[in-house]
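File shown: model_18.csv. Contents: CSV, N, CA and C atoms.
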```csv
chain,number,residue,atom,x,y,z
A,1,MET,N,-72.7,5.7,39.5
A,1,MET,CA,-73.7,6.6,39.8
A,1,MET,C,-73.7,7.0,41.3
A,2,TRP,N,-73.6,6.0,42.2
A,2,TRP,CA,-73.6,6.4,43.6
A,2,TRP,C,-72.3,7.0,44.0
A,3,SER,N,-71.2,6.5,43.4
A,3,SER,CA,-69.9,7.1,43.8
A,3,SER,C,-69.8,8.6,43.4
A,4,ASP,N,-70.4,8.9,42.2
A,4,ASP,CA,-70.4,10.3,41.8
A,4,ASP,C,-71.2,11.2,42.7
A,5,LEU,N,-72.3,10.6,43.2
A,5,LEU,CA,-73.1,11.4,44.2
A,5,LEU,C,-72.4,11.6,45.5
A,6,VAL,N,-71.6,10.6,45.9
A,6,VAL,CA,-70.9,10.7,47.2
A,6,VAL,C,-69.7,11.7,47.0
A,7,HIS,N,-69.1,11.6,45.8
A,7,HIS,CA,-68.0,12.6,45.6
A,7,HIS,C,-68.4,14.0,45.6
A,8,VAL,N,-69.7,14.3,45.3
A,8,VAL,CA,-70.2,15.6,45.3
A,8,VAL,C,-70.8,15.9,46.7
A,9,ALA,N,-71.4,15.0,47.3
A,9,ALA,CA,-72.1,15.2,48.6
A,9,ALA,C,-71.2,15.5,49.8
A,10,VAL,N,-70.1,14.7,49.8
A,10,VAL,CA,-69.2,14.8,51.0
A,10,VAL,C,-68.5,16.2,51.0
A,11,PRO,N,-67.9,16.7,49.9
A,11,PRO,CA,-67.4,18.1,50.0
A,11,PRO,C,-68.4,19.2,50.3
A,12,VAL,N,-69.6,19.0,49.8
A,12,VAL,CA,-70.7,20.0,50.1
A,12,VAL,C,-71.0,19.9,51.6
A,13,LEU,N,-71.1,18.8,52.1
A,13,LEU,CA,-71.3,18.7,53.6
A,13,LEU,C,-70.1,19.2,54.4
A,14,MET,N,-68.9,19.0,53.9
A,14,MET,CA,-67.8,19.6,54.5
A,14,MET,C,-67.8,21.2,54.6
A,15,VAL,N,-68.2,21.7,53.5
A,15,VAL,CA,-68.3,23.2,53.4
A,15,VAL,C,-69.5,23.7,54.3
A,16,LEU,N,-70.6,22.9,54.4
A,16,LEU,CA,-71.7,23.3,55.3
A,16,LEU,C,-71.2,23.2,56.7
A,17,ALA,N,-70.5,22.2,57.1
A,17,ALA,CA,-70.0,22.1,58.4
A,17,ALA,C,-69.0,23.2,58.8
A,18,ALA,N,-68.2,23.6,57.9
A,18,ALA,CA,-67.3,24.8,58.1
A,18,ALA,C,-68.1,26.0,58.3
A,19,ILE,N,-69.1,26.3,57.5
A,19,ILE,CA,-70.0,27.5,57.6
A,19,ILE,C,-70.7,27.5,59.0
A,20,VAL,N,-71.2,26.3,59.4
A,20,VAL,CA,-71.9,26.2,60.7
A,20,VAL,C,-70.9,26.5,61.8
A,21,ALA,N,-69.6,26.0,61.7
A,21,ALA,CA,-68.6,26.3,62.7
A,21,ALA,C,-68.3,27.8,62.8
A,22,ILE,N,-68.4,28.5,61.6
A,22,ILE,CA,-68.1,29.9,61.6
A,22,ILE,C,-69.3,30.7,62.2
A,23,LEU,N,-70.5,30.3,61.9
A,23,LEU,CA,-71.7,31.0,62.3
A,23,LEU,C,-72.1,30.8,63.8
A,24,LEU,N,-71.7,29.7,64.4
A,24,LEU,CA,-72.1,29.4,65.7
A,24,LEU,C,-71.4,30.3,66.7
A,25,ARG,N,-72.2,30.8,67.7
A,25,ARG,CA,-71.7,31.7,68.7
A,25,ARG,C,-71.1,30.9,69.9
A,26,ASP,N,-71.6,29.6,70.0
A,26,ASP,CA,-71.1,28.8,71.1
A,26,ASP,C,-69.8,28.1,70.7
A,27,LEU,N,-68.8,28.3,71.4
A,27,LEU,CA,-67.5,27.7,71.0
A,27,LEU,C,-67.5,26.2,71.0
A,28,LEU,N,-68.1,25.6,72.0
A,28,LEU,CA,-68.2,24.1,72.0
A,28,LEU,C,-68.9,23.6,70.8
A,29,GLY,N,-70.0,24.2,70.4
A,29,GLY,CA,-70.7,23.8,69.2
A,29,GLY,C,-69.8,23.9,67.9
A,30,ALA,N,-69.1,25.0,67.9
A,30,ALA,CA,-68.2,25.2,66.8
A,30,ALA,C,-67.1,24.2,66.7
A,31,ALA,N,-66.6,23.8,67.9
A,31,ALA,CA,-65.6,22.7,67.9
A,31,ALA,C,-66.1,21.4,67.4
A,32,VAL,N,-67.4,21.1,67.8
A,32,VAL,CA,-68.0,19.9,67.3
A,32,VAL,C,-68.2,19.9,65.8
A,33,ALA,N,-68.6,21.1,65.3
A,33,ALA,CA,-68.8,21.3,63.8
A,33,ALA,C,-67.5,21.1,63.1
A,34,LEU,N,-66.4,21.6,63.7
A,34,LEU,CA,-65.1,21.3,63.0
A,34,LEU,C,-64.7,19.9,63.1
A,35,ALA,N,-65.0,19.2,64.1
A,35,ALA,CA,-64.8,17.7,64.2
A,35,ALA,C,-65.5,17.0,63.2
A,36,ALA,N,-66.8,17.4,62.9
A,36,ALA,CA,-67.6,16.8,61.9
A,36,ALA,C,-67.0,17.0,60.5
A,37,MET,N,-66.5,18.2,60.3
A,37,MET,CA,-65.9,18.6,59.0
A,37,MET,C,-64.6,17.7,58.8
A,38,SER,N,-63.9,17.5,59.9
A,38,SER,CA,-62.7,16.7,59.8
A,38,SER,C,-63.0,15.2,59.5
A,39,LEU,N,-64.1,14.7,60.1
A,39,LEU,CA,-64.5,13.3,59.9
A,39,LEU,C,-65.0,13.2,58.4
A,40,LEU,N,-65.6,14.2,57.9
A,40,LEU,CA,-66.1,14.1,56.5
A,40,LEU,C,-64.9,14.2,55.6
A,41,LEU,N,-63.8,14.9,56.0
A,41,LEU,CA,-62.6,15.0,55.2
A,41,LEU,C,-61.9,13.6,55.2
A,42,SER,N,-61.9,13.0,56.3
A,42,SER,CA,-61.3,11.6,56.4
A,42,SER,C,-62.1,10.6,55.5
A,43,LEU,N,-63.4,10.8,55.5
A,43,LEU,CA,-64.2,9.9,54.6
A,43,LEU,C,-63.9,10.2,53.2
A,44,GLU,N,-63.7,11.4,52.8
A,44,GLU,CA,-63.4,11.7,51.4
A,44,GLU,C,-62.0,11.1,51.0
A,45,PHE,N,-61.0,11.2,52.0
A,45,PHE,CA,-59.8,10.6,51.7
A,45,PHE,C,-59.9,9.1,51.5
A,46,TYR,N,-60.8,8.4,52.3
A,46,TYR,CA,-61.0,7.0,52.2
A,46,TYR,C,-61.6,6.7,50.8
A,47,ILE,N,-62.6,7.5,50.4
A,47,ILE,CA,-63.3,7.3,49.1
A,47,ILE,C,-62.3,7.4,48.0
A,48,LEU,N,-61.3,8.3,48.1
A,48,LEU,CA,-60.3,8.5,47.1
A,48,LEU,C,-59.1,7.5,47.2
A,49,HIS,N,-59.3,6.4,47.9
A,49,HIS,CA,-58.4,5.3,48.1
A,49,HIS,C,-57.1,5.7,48.7
A,50,ALA,N,-57.2,6.5,49.8
A,50,ALA,CA,-56.0,6.9,50.6
A,50,ALA,C,-56.3,6.6,52.0
A,51,PRO,N,-56.4,5.3,52.4
A,51,PRO,CA,-56.8,5.0,53.8
A,51,PRO,C,-55.8,5.4,54.8
A,52,ASP,N,-54.5,5.5,54.5
A,52,ASP,CA,-53.5,5.9,55.5
A,52,ASP,C,-53.7,7.4,55.8
A,53,VAL,N,-54.0,8.2,54.8
A,53,VAL,CA,-54.3,9.6,55.1
A,53,VAL,C,-55.6,9.8,55.8
A,54,ALA,N,-56.6,8.9,55.5
A,54,ALA,CA,-57.9,9.0,56.2
A,54,ALA,C,-57.8,8.7,57.6
A,55,ILE,N,-57.0,7.7,58.0
A,55,ILE,CA,-56.8,7.3,59.4
A,55,ILE,C,-56.0,8.4,60.1
A,56,ALA,N,-55.0,9.0,59.5
A,56,ALA,CA,-54.3,10.1,60.1
A,56,ALA,C,-55.2,11.3,60.3
A,57,GLU,N,-56.0,11.6,59.4
A,57,GLU,CA,-56.9,12.8,59.5
A,57,GLU,C,-58.0,12.5,60.6
A,58,ALA,N,-58.5,11.3,60.6
A,58,ALA,CA,-59.5,11.0,61.7
A,58,ALA,C,-58.9,11.0,63.0
A,59,GLY,N,-57.7,10.5,63.2
A,59,GLY,CA,-57.0,10.5,64.5
A,59,GLY,C,-56.5,11.8,65.0
A,60,ILE,N,-55.9,12.5,64.1
A,60,ILE,CA,-55.3,13.8,64.5
A,60,ILE,C,-56.3,14.9,64.3
A,61,GLY,N,-56.9,15.0,63.1
A,61,GLY,CA,-57.8,16.2,62.9
A,61,GLY,C,-59.0,16.1,63.7
A,62,ALA,N,-59.7,15.0,63.7
A,62,ALA,CA,-61.0,14.9,64.4
A,62,ALA,C,-60.8,14.7,65.9
A,63,CYS,N,-59.9,13.8,66.3
A,63,CYS,CA,-59.9,13.5,67.8
A,63,CYS,C,-59.0,14.4,68.6
A,64,ILE,N,-57.7,14.4,68.2
A,64,ILE,CA,-56.7,15.1,69.1
A,64,ILE,C,-57.0,16.6,69.0
A,65,THR,N,-57.2,17.2,67.8
A,65,THR,CA,-57.4,18.6,67.7
A,65,THR,C,-58.7,19.0,68.4
A,66,THR,N,-59.7,18.2,68.3
A,66,THR,CA,-61.0,18.6,69.0
A,66,THR,C,-60.8,18.5,70.5
A,67,ALA,N,-60.1,17.5,70.9
A,67,ALA,CA,-59.8,17.4,72.4
A,67,ALA,C,-59.0,18.6,72.9
A,68,ILE,N,-58.0,19.1,72.1
A,68,ILE,CA,-57.3,20.3,72.5
A,68,ILE,C,-58.1,21.5,72.5
A,69,ILE,N,-59.0,21.7,71.5
A,69,ILE,CA,-59.9,22.8,71.5
A,69,ILE,C,-60.9,22.8,72.6
A,70,VAL,N,-61.4,21.6,72.9
A,70,VAL,CA,-62.4,21.5,74.0
A,70,VAL,C,-61.7,21.8,75.4
A,71,LEU,N,-60.5,21.4,75.6
A,71,LEU,CA,-59.8,21.7,76.8
A,71,LEU,C,-59.5,23.2,76.9
A,72,ALA,N,-59.1,23.8,75.8
A,72,ALA,CA,-58.9,25.2,75.8
A,72,ALA,C,-60.1,26.0,76.1
A,73,ILE,N,-61.3,25.6,75.6
A,73,ILE,CA,-62.5,26.2,75.9
A,73,ILE,C,-62.9,26.1,77.3
A,74,ARG,N,-62.6,24.9,77.9
A,74,ARG,CA,-63.0,24.6,79.2
A,74,ARG,C,-62.2,25.5,80.2
A,75,HIS,N,-61.0,25.9,79.8
A,75,HIS,CA,-60.2,26.7,80.8
A,75,HIS,C,-60.4,28.2,80.5
A,76,THR,N,-61.4,28.6,79.8
A,76,THR,CA,-61.7,30.0,79.6
A,76,THR,C,-62.9,30.3,80.4
A,77,GLU,N,-63.2,31.6,80.5
A,77,GLU,CA,-64.4,32.1,81.2
A,77,GLU,C,-65.4,32.6,80.2
A,78,ARG,N,-66.6,32.4,80.4
A,78,ARG,CA,-67.7,33.0,79.5
A,78,ARG,C,-67.8,34.4,79.8
A,79,MET,N,-68.0,35.2,78.7
A,79,MET,CA,-68.1,36.6,78.8
A,79,MET,C,-69.6,37.1,78.5
A,80,GLU,N,-70.5,36.3,78.1
A,80,GLU,CA,-71.8,36.7,77.7
A,80,GLU,C,-72.5,37.2,79.0
A,81,GLY,N,-73.2,38.3,78.9
A,81,GLY,CA,-74.0,38.8,80.0
A,81,GLY,C,-73.2,39.6,81.0
A,82,GLN,N,-71.9,39.7,80.8
A,82,GLN,CA,-71.1,40.4,81.8
A,82,GLN,C,-70.8,41.8,81.1
A,83,GLU,N,-70.9,42.8,81.9
A,83,GLU,CA,-70.5,44.1,81.5
A,83,GLU,C,-69.1,44.3,81.7
A,84,GLU,N,-68.4,45.1,80.8
A,84,GLU,CA,-67.0,45.4,81.1
A,84,GLU,C,-66.9,46.4,82.2
A,85,PRO,N,-65.9,46.2,83.1
A,85,PRO,CA,-65.8,47.2,84.2
A,85,PRO,C,-65.4,48.6,83.7
A,86,VAL,N,-66.1,49.5,84.3
A,86,VAL,CA,-65.8,50.9,83.9
A,86,VAL,C,-64.7,51.4,84.8
A,87,GLU,N,-63.6,51.9,84.2
A,87,GLU,CA,-62.5,52.4,85.0
A,87,GLU,C,-62.8,53.9,85.3
A,88,PRO,N,-62.5,54.3,86.5
A,88,PRO,CA,-62.7,55.7,86.9
A,88,PRO,C,-61.8,56.6,86.0
A,89,ALA,N,-62.4,57.8,85.7
A,89,ALA,CA,-61.6,58.8,84.9
A,89,ALA,C,-60.5,59.4,85.8
A,90,GLU,N,-59.4,59.6,85.2
A,90,GLU,CA,-58.3,60.2,85.9
A,90,GLU,C,-58.5,61.7,86.1
A,91,GLU,N,-58.1,62.2,87.3
A,91,GLU,CA,-58.2,63.6,87.6
A,91,GLU,C,-57.2,64.4,86.8
A,92,PRO,N,-57.5,65.5,86.3
A,92,PRO,CA,-56.5,66.3,85.5
A,92,PRO,C,-55.3,66.7,86.4
A,93,ALA,N,-54.2,66.7,85.8
A,93,ALA,CA,-53.0,67.1,86.6
A,93,ALA,C,-53.0,68.5,86.9
A,94,ASP,N,-52.5,68.9,88.1
A,94,ASP,CA,-52.4,70.3,88.5
A,94,ASP,C,-51.2,70.9,87.9
A,95,VAL,N,-51.4,72.0,87.2
A,95,VAL,CA,-50.3,72.6,86.4
A,95,VAL,C,-49.8,73.9,87.2
A,96,GLY,N,-49.9,73.9,88.5
A,96,GLY,CA,-49.3,75.0,89.2
A,96,GLY,C,-50.3,76.0,89.7
A,97,GLY,N,-51.6,75.7,89.6
A,97,GLY,CA,-52.6,76.6,90.0
A,97,GLY,C,-52.9,76.5,91.5
A,98,GLU,N,-53.6,77.4,92.0
A,98,GLU,CA,-53.9,77.4,93.5
A,98,GLU,C,-55.0,76.4,93.7
A,99,GLU,N,-54.9,75.8,94.9
A,99,GLU,CA,-56.0,74.9,95.2
A,99,GLU,C,-57.1,75.6,96.0
A,100,LEU,N,-58.3,75.2,95.8
A,100,LEU,CA,-59.4,75.9,96.5
A,100,LEU,C,-59.7,75.3,97.8
```
Could you write out this file's structure as structure tokens?
Amino acid sequence: MWSDLVHVAVPVLMVLAAIVAILLRDLLGAAVALAAMSLLLSLEFYILHAPDVAIAEAGIGACITTAIIVLAIRHTERMEGQEEPVEPAEEPADVGGEEL
């Protein structure tokens, strides 16, 4: 009974975590949602009696990948609230006419 409920609940929670990661505008929050999805995936592997795959997914998918994403986010600049610079329009080229 409980194992059937867990086999249904964990993939549903994984899909919800993925949807949250897609809908979040904050990149750091999306990275945390992806880490949660990866941890849920490692839990599902453990429930399916594949502890070696669960350990690899938890270590690589949740920890290392999240750390790389967070470091990449940290080295970028935020663009919210900034207007894009307006470049001056170029003057038309003179095609041989007289100057005034």
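Closest approach to Met37 in chain A among A:Ile55, A:Ile64, A:Met79, A:Ala17 is made by A:Ala17 (distances from all atoms listed in the file).
Across the structure, atom C of Ala50 in chain A and atom C of Val10 in chain A are spaced 15.6 Å apart.
Of note, CA of Ile60 in chain A and CA of Leu40 in chain A are spaced 13.4 Å apart.
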**Message:** Which residues are close to Leu71 in chain A, i.e. within 12 Å by only C-alpha atoms, leaving aside same-chain residues fewer than 6 positions away? Reply as a list in words.
**Reply:** Leu27, Leu28, Ala31, Ile64 and Thr65 of chain A
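Proximity of A:Ala21, A:Ala58, A:Met1, A:Ala72 to Leu41 in chain A, computed with only C-alpha atoms, is greatest for A:Ala58.
Minimum atom-to-atom distance to Val32 in chain A, evaluated using only N, CA and C atoms, belongs to A:Val70 out of A:Val70, A:Met14, A:Gly59, A:Trp2.
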All helix (DSSP H, G or I) residues (DSSP, backbone) inside chain A, as a compact mmCIF listing (two decimals) with N, CA and C atoms, keeping the file's coordinate frame:
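Output below, filename out_29.txt:
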```
# COMPACT_ATOMS: atom_id res chain seq x y z
N TRP A 2 -73.60 6.00 42.20
CA TRP A 2 -73.60 6.40 43.60
C TRP A 2 -72.30 7.00 44.00
N SER A 3 -71.20 6.50 43.40
CA SER A 3 -69.90 7.10 43.80
C SER A 3 -69.80 8.60 43.40
N ASP A 4 -70.40 8.90 42.20
CA ASP A 4 -70.40 10.30 41.80
C ASP A 4 -71.20 11.20 42.70
N LEU A 5 -72.30 10.60 43.20
CA LEU A 5 -73.10 11.40 44.20
C LEU A 5 -72.40 11.60 45.50
N VAL A 6 -71.60 10.60 45.90
CA VAL A 6 -70.90 10.70 47.20
C VAL A 6 -69.70 11.70 47.00
N HIS A 7 -69.10 11.60 45.80
CA HIS A 7 -68.00 12.60 45.60
C HIS A 7 -68.40 14.00 45.60
N VAL A 8 -69.70 14.30 45.30
CA VAL A 8 -70.20 15.60 45.30
C VAL A 8 -70.80 15.90 46.70
N ALA A 9 -71.40 15.00 47.30
CA ALA A 9 -72.10 15.20 48.60
C ALA A 9 -71.20 15.50 49.80
N VAL A 10 -70.10 14.70 49.80
CA VAL A 10 -69.20 14.80 51.00
C VAL A 10 -68.50 16.20 51.00
N PRO A 11 -67.90 16.70 49.90
CA PRO A 11 -67.40 18.10 50.00
C PRO A 11 -68.40 19.20 50.30
N VAL A 12 -69.60 19.00 49.80
CA VAL A 12 -70.70 20.00 50.10
C VAL A 12 -71.00 19.90 51.60
N LEU A 13 -71.10 18.80 52.10
CA LEU A 13 -71.30 18.70 53.60
C LEU A 13 -70.10 19.20 54.40
N MET A 14 -68.90 19.00 53.90
CA MET A 14 -67.80 19.60 54.50
C MET A 14 -67.80 21.20 54.60
N VAL A 15 -68.20 21.70 53.50
CA VAL A 15 -68.30 23.20 53.40
C VAL A 15 -69.50 23.70 54.30
N LEU A 16 -70.60 22.90 54.40
CA LEU A 16 -71.70 23.30 55.30
C LEU A 16 -71.20 23.20 56.70
N ALA A 17 -70.50 22.20 57.10
CA ALA A 17 -70.00 22.10 58.40
C ALA A 17 -69.00 23.20 58.80
N ALA A 18 -68.20 23.60 57.90
CA ALA A 18 -67.30 24.80 58.10
C ALA A 18 -68.10 26.00 58.30
N ILE A 19 -69.10 26.30 57.50
CA ILE A 19 -70.00 27.50 57.60
C ILE A 19 -70.70 27.50 59.00
N VAL A 20 -71.20 26.30 59.40
CA VAL A 20 -71.90 26.20 60.70
C VAL A 20 -70.90 26.50 61.80
N ALA A 21 -69.60 26.00 61.70
CA ALA A 21 -68.60 26.30 62.70
C ALA A 21 -68.30 27.80 62.80
N ILE A 22 -68.40 28.50 61.60
CA ILE A 22 -68.10 29.90 61.60
C ILE A 22 -69.30 30.70 62.20
N LEU A 23 -70.50 30.30 61.90
CA LEU A 23 -71.70 31.00 62.30
C LEU A 23 -72.10 30.80 63.80
N LEU A 27 -68.80 28.30 71.40
CA LEU A 27 -67.50 27.70 71.00
C LEU A 27 -67.50 26.20 71.00
N LEU A 28 -68.10 25.60 72.00
CA LEU A 28 -68.20 24.10 72.00
C LEU A 28 -68.90 23.60 70.80
N GLY A 29 -70.00 24.20 70.40
CA GLY A 29 -70.70 23.80 69.20
C GLY A 29 -69.80 23.90 67.90
N ALA A 30 -69.10 25.00 67.90
CA ALA A 30 -68.20 25.20 66.80
C ALA A 30 -67.10 24.20 66.70
N ALA A 31 -66.60 23.80 67.90
CA ALA A 31 -65.60 22.70 67.90
C ALA A 31 -66.10 21.40 67.40
N VAL A 32 -67.40 21.10 67.80
CA VAL A 32 -68.00 19.90 67.30
C VAL A 32 -68.20 19.90 65.80
N ALA A 33 -68.60 21.10 65.30
CA ALA A 33 -68.80 21.30 63.80
C ALA A 33 -67.50 21.10 63.10
N LEU A 34 -66.40 21.60 63.70
CA LEU A 34 -65.10 21.30 63.00
C LEU A 34 -64.70 19.90 63.10
N ALA A 35 -65.00 19.20 64.10
CA ALA A 35 -64.80 17.70 64.20
C ALA A 35 -65.50 17.00 63.20
N ALA A 36 -66.80 17.40 62.90
CA ALA A 36 -67.60 16.80 61.90
C ALA A 36 -67.00 17.00 60.50
N MET A 37 -66.50 18.20 60.30
CA MET A 37 -65.90 18.60 59.00
C MET A 37 -64.60 17.70 58.80
N SER A 38 -63.90 17.50 59.90
CA SER A 38 -62.70 16.70 59.80
C SER A 38 -63.00 15.20 59.50
N LEU A 39 -64.10 14.70 60.10
CA LEU A 39 -64.50 13.30 59.90
C LEU A 39 -65.00 13.20 58.40
N LEU A 40 -65.60 14.20 57.90
CA LEU A 40 -66.10 14.10 56.50
C LEU A 40 -64.90 14.20 55.60
N LEU A 41 -63.80 14.90 56.00
CA LEU A 41 -62.60 15.00 55.20
C LEU A 41 -61.90 13.60 55.20
N SER A 42 -61.90 13.00 56.30
CA SER A 42 -61.30 11.60 56.40
C SER A 42 -62.10 10.60 55.50
N LEU A 43 -63.40 10.80 55.50
CA LEU A 43 -64.20 9.90 54.60
C LEU A 43 -63.90 10.20 53.20
N GLU A 44 -63.70 11.40 52.80
CA GLU A 44 -63.40 11.70 51.40
C GLU A 44 -62.00 11.10 51.00
N PHE A 45 -61.00 11.20 52.00
CA PHE A 45 -59.80 10.60 51.70
C PHE A 45 -59.90 9.10 51.50
N TYR A 46 -60.80 8.40 52.30
CA TYR A 46 -61.00 7.00 52.20
C TYR A 46 -61.60 6.70 50.80
N ILE A 47 -62.60 7.50 50.40
CA ILE A 47 -63.30 7.30 49.10
C ILE A 47 -62.30 7.40 48.00
N PRO A 51 -56.40 5.30 52.40
CA PRO A 51 -56.80 5.00 53.80
C PRO A 51 -55.80 5.40 54.80
N ASP A 52 -54.50 5.50 54.50
CA ASP A 52 -53.50 5.90 55.50
C ASP A 52 -53.70 7.40 55.80
N VAL A 53 -54.00 8.20 54.80
CA VAL A 53 -54.30 9.60 55.10
C VAL A 53 -55.60 9.80 55.80
N ALA A 54 -56.60 8.90 55.50
CA ALA A 54 -57.90 9.00 56.20
C ALA A 54 -57.80 8.70 57.60
N ILE A 55 -57.00 7.70 58.00
CA ILE A 55 -56.80 7.30 59.40
C ILE A 55 -56.00 8.40 60.10
N ALA A 56 -55.00 9.00 59.50
CA ALA A 56 -54.30 10.10 60.10
C ALA A 56 -55.20 11.30 60.30
N GLU A 57 -56.00 11.60 59.40
CA GLU A 57 -56.90 12.80 59.50
C GLU A 57 -58.00 12.50 60.60
N ALA A 58 -58.50 11.30 60.60
CA ALA A 58 -59.50 11.00 61.70
C ALA A 58 -58.90 11.00 63.00
N GLY A 59 -57.70 10.50 63.20
CA GLY A 59 -57.00 10.50 64.50
C GLY A 59 -56.50 11.80 65.00
N ILE A 60 -55.90 12.50 64.10
CA ILE A 60 -55.30 13.80 64.50
C ILE A 60 -56.30 14.90 64.30
N GLY A 61 -56.90 15.00 63.10
CA GLY A 61 -57.80 16.20 62.90
C GLY A 61 -59.00 16.10 63.70
N ALA A 62 -59.70 15.00 63.70
CA ALA A 62 -61.00 14.90 64.40
C ALA A 62 -60.80 14.70 65.90
N CYS A 63 -59.90 13.80 66.30
CA CYS A 63 -59.90 13.50 67.80
C CYS A 63 -59.00 14.40 68.60
N ILE A 64 -57.70 14.40 68.20
CA ILE A 64 -56.70 15.10 69.10
C ILE A 64 -57.00 16.60 69.00
N THR A 65 -57.20 17.20 67.80
CA THR A 65 -57.40 18.60 67.70
C THR A 65 -58.70 19.00 68.40
N THR A 66 -59.70 18.20 68.30
CA THR A 66 -61.00 18.60 69.00
C THR A 66 -60.80 18.50 70.50
N ALA A 67 -60.10 17.50 70.90
CA ALA A 67 -59.80 17.40 72.40
C ALA A 67 -59.00 18.60 72.90
N ILE A 68 -58.00 19.10 72.10
CA ILE A 68 -57.30 20.30 72.50
C ILE A 68 -58.10 21.50 72.50
N ILE A 69 -59.00 21.70 71.50
CA ILE A 69 -59.90 22.80 71.50
C ILE A 69 -60.90 22.80 72.60
N VAL A 70 -61.40 21.60 72.90
CA VAL A 70 -62.40 21.50 74.00
C VAL A 70 -61.70 21.80 75.40
N LEU A 71 -60.50 21.40 75.60
CA LEU A 71 -59.80 21.70 76.80
C LEU A 71 -59.50 23.20 76.90
N ALA A 72 -59.10 23.80 75.80
CA ALA A 72 -58.90 25.20 75.80
C ALA A 72 -60.10 26.00 76.10
N ILE A 73 -61.30 25.60 75.60
CA ILE A 73 -62.50 26.20 75.90
C ILE A 73 -62.90 26.10 77.30
N ARG A 74 -62.60 24.90 77.90
CA ARG A 74 -63.00 24.60 79.20
C ARG A 74 -62.20 25.50 80.20
```
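Across the model, the gap from CA of Ala33 in chain A to CA of Ser3 in chain A is 24.6 Å.
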